[in-house]
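Student: Okay, here's the structure, questions in a sec.
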Amino acid sequence: MTGNTRVALAHHWLVGMRGGEKVLEQLCLMFPGAPIYTVVSNREKLSEILRAHPIHESFLQRVPGGARRYKALMPLFPLAIGNLRVEEADFLFSTDASVVKGLSYAEDVPHVCYCHSPPRYLWEMQETYLRQTGGLGPVGRAVFRAVTPYVRRFDKEAAQRVTHFIANSRFVQERIRAAYGRESAVIYPPVEVGAFEAGREAEDFYLIVTELVAYKRVDVAIDAFNKLGKRLVILGDGPEGAALRARAKGNIEFLGRQPFATLRDRFERCRAFIYPQIEDFGITAVEAQAAGRPVIAFRKGGALETVIEGKTGMFFDEQTAESLAGCVEEFEGRRFAAGDCRENAERYRPEAFREGVRGFLEGKFPGRFAEI
């Protein structure tokens with residue numbers, strides 16, 4: 001509750017602590033005690049900040065294995081979310097990369113949606129999503145494709161009920177316009193910049209930190225570094241892990257999933273961070289700069305907004321091994337200041353996110369959120 005405004009929060013699913021959940025944490029700090037509505041949750045994997053709030057799940061929470069295999073239940077999302085009703089609230093703030101914006105709430109309740117992305121499994125990249133969702137089988141994939149138009153229609157209709165959209169980047173702002181025909185403000189998500197130190201001595205290795213899934217294009221980086229013969233360290237794992245390990249030569253090291261202390265250490269000591277994928281925003285590219293390290297990124301997506309060309313990193317123009325390898329070779333003849341990288345990352349501190357949300361709400365709803 002904020003003053004006389006009873007706020008409810010919504011989030012697509014709560015099964016771990018990634019970038020979307022970090023956004024929700026900041027909203028929880030702004031709206032203490034606000035209930036959270038979600039499709040499924042795994043409370044053991046949530047932070048204390050999130051667990052301190054009442055959490056209301058859809059009926060999919062009661063499906064055996066639902067909190068683990070929720071992606072395979074996509075055909076049931078409209079039914080589950082449509083029956084998830086927000087009670088005793090007169091303001092709704094959702095954070096969404098799926099269709100939770102379609103939950104049930106009174107017509108007179110204003111709804112602000114912080115959109116990480118229109119769901120890619122509906123609007124693009126469906127085949128990639130199907131490959132990464134284990135256990136579907138041929139029948140499951142056929143059902144998934146058959147119900148996609150229905151779920152897409154549910155998502156688009158839900159988007160029309162949203163009072164105001166906030167996009168997490170200009171890249172997503174364009175995707176919201178294309179998918180929903182809606183305008184949005186841009187407020188960048190929070191990054192724990194203070195968790196990193198800038199200024200440590202750079203060592204002779206490059207770094208990737210990511211889930212090993214197809215769209216991250218780690219294959220491009222592996223092929224480039226196979227050609228270059230330079231040392232590449234990869235943190236993370238996923239369904240593409242075995243194939244990528246088989247593809248890599250001896251100069252490429254896979255460390256799997258590691259605790260944050262190891263991740264931070266590699267960020268702070270790497271020569272540069274390699275970023276071959278297209279992301280809506282891309283927190284790891286900002287984390288690398290917070291650690292004082294430049295970024296070598298593909299010239300598309302959120303990296304164009306978070307990396308300053310020639311000052312905090314470089315871009316390669318084609319999503320190919322040849323283009324990336326050429327950029328790495330050019331990078332080695334350039335110098336980048338750790339202080340410049342850190343200064344750029346400072347723009348994304350959690351305090352900046354909260355201030356942006358506060359200013360947005362005060363502008364759209366004068367007097368209603370004066371106390372946050």
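Labels used: A, B, ... for chains in the order of the structure tokens, numbers from 1 for residues in each chain, and numbers from 1 for ligands as shown.
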Would you list, as a PDB file with N, CA and C atoms, in the first residue's frame, the residues of range 8-183 of chain A that end up in strand (DSSP E) under DSSP run on this structure's backbone?

Tutor:
```pdb
ATOM      1  N   ALA A   8      -1.148  -3.815  -6.320  1.00  0.00           N
ATOM      2  CA  ALA A   8      -0.855  -5.224  -6.540  1.00  0.00           C
ATOM      3  C   ALA A   8       0.220  -5.326  -7.613  1.00  0.00           C
ATOM      4  N   LEU A   9       1.095  -6.314  -7.481  1.00  0.00           N
ATOM      5  CA  LEU A   9       2.150  -6.569  -8.447  1.00  0.00           C
ATOM      6  C   LEU A   9       1.875  -7.885  -9.167  1.00  0.00           C
ATOM      7  N   ALA A  10       2.332  -7.997 -10.397  1.00  0.00           N
ATOM      8  CA  ALA A  10       2.209  -9.245 -11.153  1.00  0.00           C
ATOM      9  C   ALA A  10       3.499  -9.492 -11.910  1.00  0.00           C
ATOM     10  N   HIS A  11       3.850 -10.771 -12.036  1.00  0.00           N
ATOM     11  CA  HIS A  11       5.077 -11.160 -12.734  1.00  0.00           C
ATOM     12  C   HIS A  11       4.817 -12.490 -13.419  1.00  0.00           C
ATOM     13  N   ILE A  36       1.746 -10.321  -4.820  1.00  0.00           N
ATOM     14  CA  ILE A  36       2.298 -10.627  -6.139  1.00  0.00           C
ATOM     15  C   ILE A  36       1.467 -11.751  -6.755  1.00  0.00           C
ATOM     16  N   TYR A  37       1.039 -11.552  -7.993  1.00  0.00           N
ATOM     17  CA  TYR A  37       0.291 -12.560  -8.741  1.00  0.00           C
ATOM     18  C   TYR A  37       1.187 -13.120  -9.840  1.00  0.00           C
ATOM     19  N   THR A  38       1.193 -14.453  -9.981  1.00  0.00           N
ATOM     20  CA  THR A  38       2.095 -15.080 -10.935  1.00  0.00           C
ATOM     21  C   THR A  38       1.528 -16.414 -11.409  1.00  0.00           C
ATOM     22  N   ILE A  55       2.227 -14.214  -2.158  1.00  0.00           N
ATOM     23  CA  ILE A  55       2.328 -14.657  -3.545  1.00  0.00           C
ATOM     24  C   ILE A  55       1.096 -15.491  -3.875  1.00  0.00           C
ATOM     25  N   HIS A  56       0.417 -15.110  -4.960  1.00  0.00           N
ATOM     26  CA  HIS A  56      -0.785 -15.815  -5.416  1.00  0.00           C
ATOM     27  C   HIS A  56      -0.496 -16.427  -6.780  1.00  0.00           C
ATOM     28  N   GLU A  57      -0.540 -17.775  -6.868  1.00  0.00           N
ATOM     29  CA  GLU A  57      -0.267 -18.465  -8.119  1.00  0.00           C
ATOM     30  C   GLU A  57      -1.553 -18.889  -8.819  1.00  0.00           C
ATOM     31  N   PHE A  91      -4.703  -0.528  -7.933  1.00  0.00           N
ATOM     32  CA  PHE A  91      -3.646  -0.198  -8.896  1.00  0.00           C
ATOM     33  C   PHE A  91      -2.849  -1.477  -9.145  1.00  0.00           C
ATOM     34  N   LEU A  92      -2.572  -1.768 -10.434  1.00  0.00           N
ATOM     35  CA  LEU A  92      -1.835  -2.966 -10.803  1.00  0.00           C
ATOM     36  C   LEU A  92      -0.561  -2.570 -11.543  1.00  0.00           C
ATOM     37  N   PHE A  93       0.560  -3.138 -11.109  1.00  0.00           N
ATOM     38  CA  PHE A  93       1.847  -2.926 -11.771  1.00  0.00           C
ATOM     39  C   PHE A  93       2.398  -4.308 -12.116  1.00  0.00           C
ATOM     40  N   SER A  94       2.424  -4.625 -13.409  1.00  0.00           N
ATOM     41  CA  SER A  94       2.935  -5.929 -13.838  1.00  0.00           C
ATOM     42  C   SER A  94       4.313  -5.787 -14.468  1.00  0.00           C
ATOM     43  N   THR A  95       5.110  -6.834 -14.341  1.00  0.00           N
ATOM     44  CA  THR A  95       6.379  -6.940 -15.068  1.00  0.00           C
ATOM     45  C   THR A  95       6.274  -8.216 -15.883  1.00  0.00           C
ATOM     46  N   ASP A  96       6.434  -8.119 -17.198  1.00  0.00           N
ATOM     47  CA  ASP A  96       5.991  -9.223 -18.040  1.00  0.00           C
ATOM     48  C   ASP A  96       6.895  -9.448 -19.236  1.00  0.00           C
ATOM     49  N   HIS A 111      -3.539   0.010 -14.878  1.00  0.00           N
ATOM     50  CA  HIS A 111      -2.560  -1.068 -15.033  1.00  0.00           C
ATOM     51  C   HIS A 111      -1.347  -0.535 -15.780  1.00  0.00           C
ATOM     52  N   VAL A 112      -0.193  -0.514 -15.112  1.00  0.00           N
ATOM     53  CA  VAL A 112       1.077  -0.179 -15.745  1.00  0.00           C
ATOM     54  C   VAL A 112       1.843  -1.479 -15.952  1.00  0.00           C
ATOM     55  N   CYS A 113       2.284  -1.721 -17.161  1.00  0.00           N
ATOM     56  CA  CYS A 113       3.029  -2.934 -17.481  1.00  0.00           C
ATOM     57  C   CYS A 113       4.464  -2.578 -17.843  1.00  0.00           C
ATOM     58  N   TYR A 114       5.422  -3.077 -17.035  1.00  0.00           N
ATOM     59  CA  TYR A 114       6.839  -2.975 -17.380  1.00  0.00           C
ATOM     60  C   TYR A 114       7.158  -4.181 -18.257  1.00  0.00           C
ATOM     61  N   CYS A 115       7.338  -3.957 -19.529  1.00  0.00           N
ATOM     62  CA  CYS A 115       7.454  -5.042 -20.506  1.00  0.00           C
ATOM     63  C   CYS A 115       8.925  -5.320 -20.814  1.00  0.00           C
ATOM     64  N   HIS A 164      -0.756   2.016 -19.298  1.00  0.00           N
ATOM     65  CA  HIS A 164       0.511   2.560 -19.790  1.00  0.00           C
ATOM     66  C   HIS A 164       1.544   1.438 -19.832  1.00  0.00           C
ATOM     67  N   PHE A 165       2.349   1.439 -20.887  1.00  0.00           N
ATOM     68  CA  PHE A 165       3.476   0.516 -21.002  1.00  0.00           C
ATOM     69  C   PHE A 165       4.782   1.232 -20.679  1.00  0.00           C
ATOM     70  N   ILE A 166       5.684   0.508 -20.018  1.00  0.00           N
ATOM     71  CA  ILE A 166       7.080   0.911 -19.879  1.00  0.00           C
ATOM     72  C   ILE A 166       7.911  -0.177 -20.541  1.00  0.00           C
ATOM     73  N   ALA A 167       8.826   0.191 -21.420  1.00  0.00           N
ATOM     74  CA  ALA A 167       9.720  -0.760 -22.078  1.00  0.00           C
ATOM     75  C   ALA A 167      11.074  -0.749 -21.388  1.00  0.00           C
TER      76      ALA A 167
END
```

Student: Would you mind listing what lies within 12 Å of Glu124 in chain A as a ChimeraX atom specification, with only C-alpha atoms counted and same-chain residues fewer than 5 positions away left out?

Tutor: /A:117-119,129-130,148,152,175,178-179,215

Student: Would you pick out the contacts of Glu268 in chain A at 7 Å or less, using only C-alpha atoms, so that residues sharing its chain but fewer than 2 positions from it are not included, and give the list as a PyMOL selection string?

Tutor: chain A and resi 197-198+200+264-266+270+291-293

Student: Which one of A:Pro32, A:Val162, A:Ala106, A:Pro75 sits closest to Ala146 in chain A if you count only C-alpha atoms?

Tutor: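 The answer is A:Pro75, which sits nearest to Ala146 in chain A.
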
Student: Env of range 277-279 of chain A: 7 Å cut, atoms = only C-alpha atoms, seq-sep filter 3 positions within chain, self excluded. Answer as number ranges by chain.

Tutor: A: 215-217, 282, 298, 300-302

Student: So how far away is CA of Gly102 in chain A from CA of Gly356 in chain A, in Å?

Tutor: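 It comes out at 24.7 Å.
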
Student: Counting only C-alpha atoms, which residue out of A:Pro276, A:Gly241, A:Pro294, A:Gly229 sits closest to Gly310 in chain A?

Tutor: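 Among the listed residues, A:Pro294 lies closest to Gly310 in chain A.
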
Student: Here is a test: counting only C-alpha atoms, which residue of A:Trp13, A:Trp123, A:Phe336, A:Phe59 is nearest to Val100 in chain A?

Tutor: A:Trp13

Student: Can you list, as a ChimeraX atom specification, every protein, DNA or RNA residue that comes within 12 Å of Gly326 in chain A when you count only C-alpha atoms, leaving out same-chain residues fewer than 3 positions away?

Tutor: /A:221,224-225,227-228,296,314-323,329-333

Student: Just C-alpha atoms for this one: save the residues we selected as a PDB file, in the first residue's frame.

Tutor:
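Listing of part-v9.pdb after writing:
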```pdb
ATOM      1  CA  ALA A 221      32.034 -17.109 -30.632  1.00  0.00           C
ATOM      2  CA  ALA A 224      35.715 -17.303 -34.068  1.00  0.00           C
ATOM      3  CA  PHE A 225      38.022 -18.284 -31.202  1.00  0.00           C
ATOM      4  CA  LYS A 227      40.105 -19.623 -35.701  1.00  0.00           C
ATOM      5  CA  LEU A 228      41.906 -17.039 -33.555  1.00  0.00           C
ATOM      6  CA  ILE A 296      32.672  -6.788 -28.024  1.00  0.00           C
ATOM      7  CA  MET A 314      33.239  -2.337 -30.093  1.00  0.00           C
ATOM      8  CA  PHE A 315      30.644  -3.822 -32.430  1.00  0.00           C
ATOM      9  CA  PHE A 316      30.890  -6.438 -35.169  1.00  0.00           C
ATOM     10  CA  ASP A 317      28.457  -6.063 -38.036  1.00  0.00           C
ATOM     11  CA  GLU A 318      27.546  -9.615 -39.058  1.00  0.00           C
ATOM     12  CA  GLN A 319      26.557 -12.474 -36.756  1.00  0.00           C
ATOM     13  CA  THR A 320      29.348 -14.656 -38.132  1.00  0.00           C
ATOM     14  CA  ALA A 321      32.622 -16.058 -36.836  1.00  0.00           C
ATOM     15  CA  GLU A 322      34.564 -14.100 -39.452  1.00  0.00           C
ATOM     16  CA  SER A 323      33.045 -10.769 -38.435  1.00  0.00           C
ATOM     17  CA  GLU A 329      41.813  -8.612 -33.821  1.00  0.00           C
ATOM     18  CA  GLU A 330      41.008  -4.920 -34.227  1.00  0.00           C
ATOM     19  CA  PHE A 331      40.185  -4.680 -30.498  1.00  0.00           C
ATOM     20  CA  GLU A 332      43.659  -5.862 -29.552  1.00  0.00           C
ATOM     21  CA  GLY A 333      45.156  -2.777 -31.183  1.00  0.00           C
TER      22      GLY A 333
END
```

Student: As an exercise, work out the distance from CA of Gly181 in chain A to CA of Leu122 in chain A in Å and give it to one decimal place.

Tutor: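 Straight-line distance from CA of Gly181 in chain A to CA of Leu122 in chain A works out to 15.6 Å.
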
Student: Mind checking which residues fall within 6 Å of Gln61 in chain A, counting only C-alpha atoms, ignoring those fewer than 3 positions away in the same chain, and posting them as a ChimeraX atom specification?

Tutor: /A:40,58,66

Student: Please produce a file of those selected residues containing C-alpha atoms, as a PDB file, in the first residue's frame.

Tutor:
```
ATOM      1  CA  VAL A  40       3.795 -20.489 -10.935  1.00  0.00           C
ATOM      2  CA  SER A  58      -2.568 -19.698 -10.881  1.00  0.00           C
ATOM      3  CA  GLY A  66       4.006 -27.327 -12.963  1.00  0.00           C
TER       4      GLY A  66
END
```

Student: Show which residues sit within 9 Å of range 24-30 of chain A, as an NGL selection string. Count only C-alpha atoms, and ignore same-chain residues fewer than 2 positions away.

Tutor: :A and (2 or 9-11 or 19-22 or 32-34 or 47 or 49-50 or 53 or 93-95 or 190 or 350-351 or 353-354 or 357-358 or 372)

Student: Keeping only N, CA and C atoms, take the residues you just selected and write them out as an mmCIF file, in the first residue's frame.

Tutor:
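To be explicit, this is the file written out as part21.cif:
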```cif
data_model
loop_
_atom_site.group_PDB
_atom_site.id
_atom_site.type_symbol
_atom_site.label_atom_id
_atom_site.label_comp_id
_atom_site.auth_asym_id
_atom_site.auth_seq_id
_atom_site.Cartn_x
_atom_site.Cartn_y
_atom_site.Cartn_z
ATOM 1 N N THR A 2 0.520 2.203 -0.810
ATOM 2 C CA THR A 2 1.225 3.475 -0.872
ATOM 3 C C THR A 2 0.218 4.586 -0.656
ATOM 4 N N LEU A 9 1.095 -6.314 -7.481
ATOM 5 C CA LEU A 9 2.150 -6.569 -8.447
ATOM 6 C C LEU A 9 1.875 -7.885 -9.167
ATOM 7 N N ALA A 10 2.332 -7.997 -10.397
ATOM 8 C CA ALA A 10 2.209 -9.245 -11.153
ATOM 9 C C ALA A 10 3.499 -9.492 -11.910
ATOM 10 N N HIS A 11 3.850 -10.771 -12.036
ATOM 11 C CA HIS A 11 5.077 -11.160 -12.734
ATOM 12 C C HIS A 11 4.817 -12.490 -13.419
ATOM 13 N N GLY A 19 17.055 -11.405 -14.343
ATOM 14 C CA GLY A 19 16.862 -9.970 -14.502
ATOM 15 C C GLY A 19 15.454 -9.499 -14.208
ATOM 16 N N GLY A 20 14.447 -10.248 -14.669
ATOM 17 C CA GLY A 20 13.059 -9.855 -14.430
ATOM 18 C C GLY A 20 12.701 -9.837 -12.966
ATOM 19 N N GLU A 21 13.220 -10.812 -12.222
ATOM 20 C CA GLU A 21 12.936 -10.866 -10.795
ATOM 21 C C GLU A 21 13.665 -9.754 -10.047
ATOM 22 N N LYS A 22 14.803 -9.321 -10.580
ATOM 23 C CA LYS A 22 15.503 -8.184 -9.962
ATOM 24 C C LYS A 22 14.689 -6.897 -10.115
ATOM 25 N N PRO A 32 5.983 -1.871 -0.298
ATOM 26 C CA PRO A 32 6.082 -2.909 0.731
ATOM 27 C C PRO A 32 4.727 -3.570 0.992
ATOM 28 N N GLY A 33 4.752 -4.886 1.060
ATOM 29 C CA GLY A 33 3.543 -5.630 1.384
ATOM 30 C C GLY A 33 2.602 -5.878 0.231
ATOM 31 N N ALA A 34 2.893 -5.346 -0.950
ATOM 32 C CA ALA A 34 1.991 -5.542 -2.090
ATOM 33 C C ALA A 34 1.936 -7.015 -2.468
ATOM 34 N N SER A 47 14.402 -14.587 -3.534
ATOM 35 C CA SER A 47 15.090 -13.801 -2.512
ATOM 36 C C SER A 47 14.163 -13.551 -1.327
ATOM 37 N N ILE A 49 13.437 -10.728 -0.150
ATOM 38 C CA ILE A 49 12.586 -9.575 -0.473
ATOM 39 C C ILE A 49 11.288 -10.050 -1.123
ATOM 40 N N LEU A 50 11.381 -10.977 -2.073
ATOM 41 C CA LEU A 50 10.178 -11.469 -2.746
ATOM 42 C C LEU A 50 9.351 -12.354 -1.821
ATOM 43 N N HIS A 53 6.569 -10.985 0.495
ATOM 44 C CA HIS A 53 5.290 -10.524 -0.034
ATOM 45 C C HIS A 53 4.346 -11.713 -0.224
ATOM 46 N N PHE A 93 0.560 -3.138 -11.109
ATOM 47 C CA PHE A 93 1.847 -2.926 -11.771
ATOM 48 C C PHE A 93 2.398 -4.308 -12.116
ATOM 49 N N SER A 94 2.424 -4.625 -13.409
ATOM 50 C CA SER A 94 2.935 -5.929 -13.838
ATOM 51 C C SER A 94 4.313 -5.787 -14.468
ATOM 52 N N THR A 95 5.110 -6.834 -14.341
ATOM 53 C CA THR A 95 6.379 -6.940 -15.068
ATOM 54 C C THR A 95 6.274 -8.216 -15.883
ATOM 55 N N PRO A 190 17.289 -2.401 -13.506
ATOM 56 C CA PRO A 190 18.376 -2.198 -12.542
ATOM 57 C C PRO A 190 19.481 -3.229 -12.704
ATOM 58 N N PRO A 350 20.329 0.406 -9.352
ATOM 59 C CA PRO A 350 18.936 0.250 -8.911
ATOM 60 C C PRO A 350 18.276 1.563 -8.505
ATOM 61 N N GLU A 351 19.057 2.464 -7.926
ATOM 62 C CA GLU A 351 18.494 3.757 -7.522
ATOM 63 C C GLU A 351 17.961 4.528 -8.729
ATOM 64 N N PHE A 353 16.793 3.170 -11.479
ATOM 65 C CA PHE A 353 15.547 2.519 -11.889
ATOM 66 C C PHE A 353 14.380 2.999 -11.026
ATOM 67 N N ARG A 354 14.561 2.985 -9.714
ATOM 68 C CA ARG A 354 13.467 3.404 -8.828
ATOM 69 C C ARG A 354 13.098 4.859 -9.065
ATOM 70 N N VAL A 357 10.970 5.018 -12.249
ATOM 71 C CA VAL A 357 9.593 4.557 -12.023
ATOM 72 C C VAL A 357 8.820 5.585 -11.211
ATOM 73 N N ARG A 358 9.468 6.132 -10.197
ATOM 74 C CA ARG A 358 8.805 7.137 -9.353
ATOM 75 C C ARG A 358 8.376 8.341 -10.196
ATOM 76 N N ILE A 372 6.101 7.330 -2.364
ATOM 77 C CA ILE A 372 7.076 6.285 -2.700
ATOM 78 C C ILE A 372 8.470 6.875 -2.902
#
```

Student: Would you compute the distance between CA of Lys249 in chain A and CA of Ile208 in chain A? Give it in Å to one decimal.

Tutor: 15.7 Å
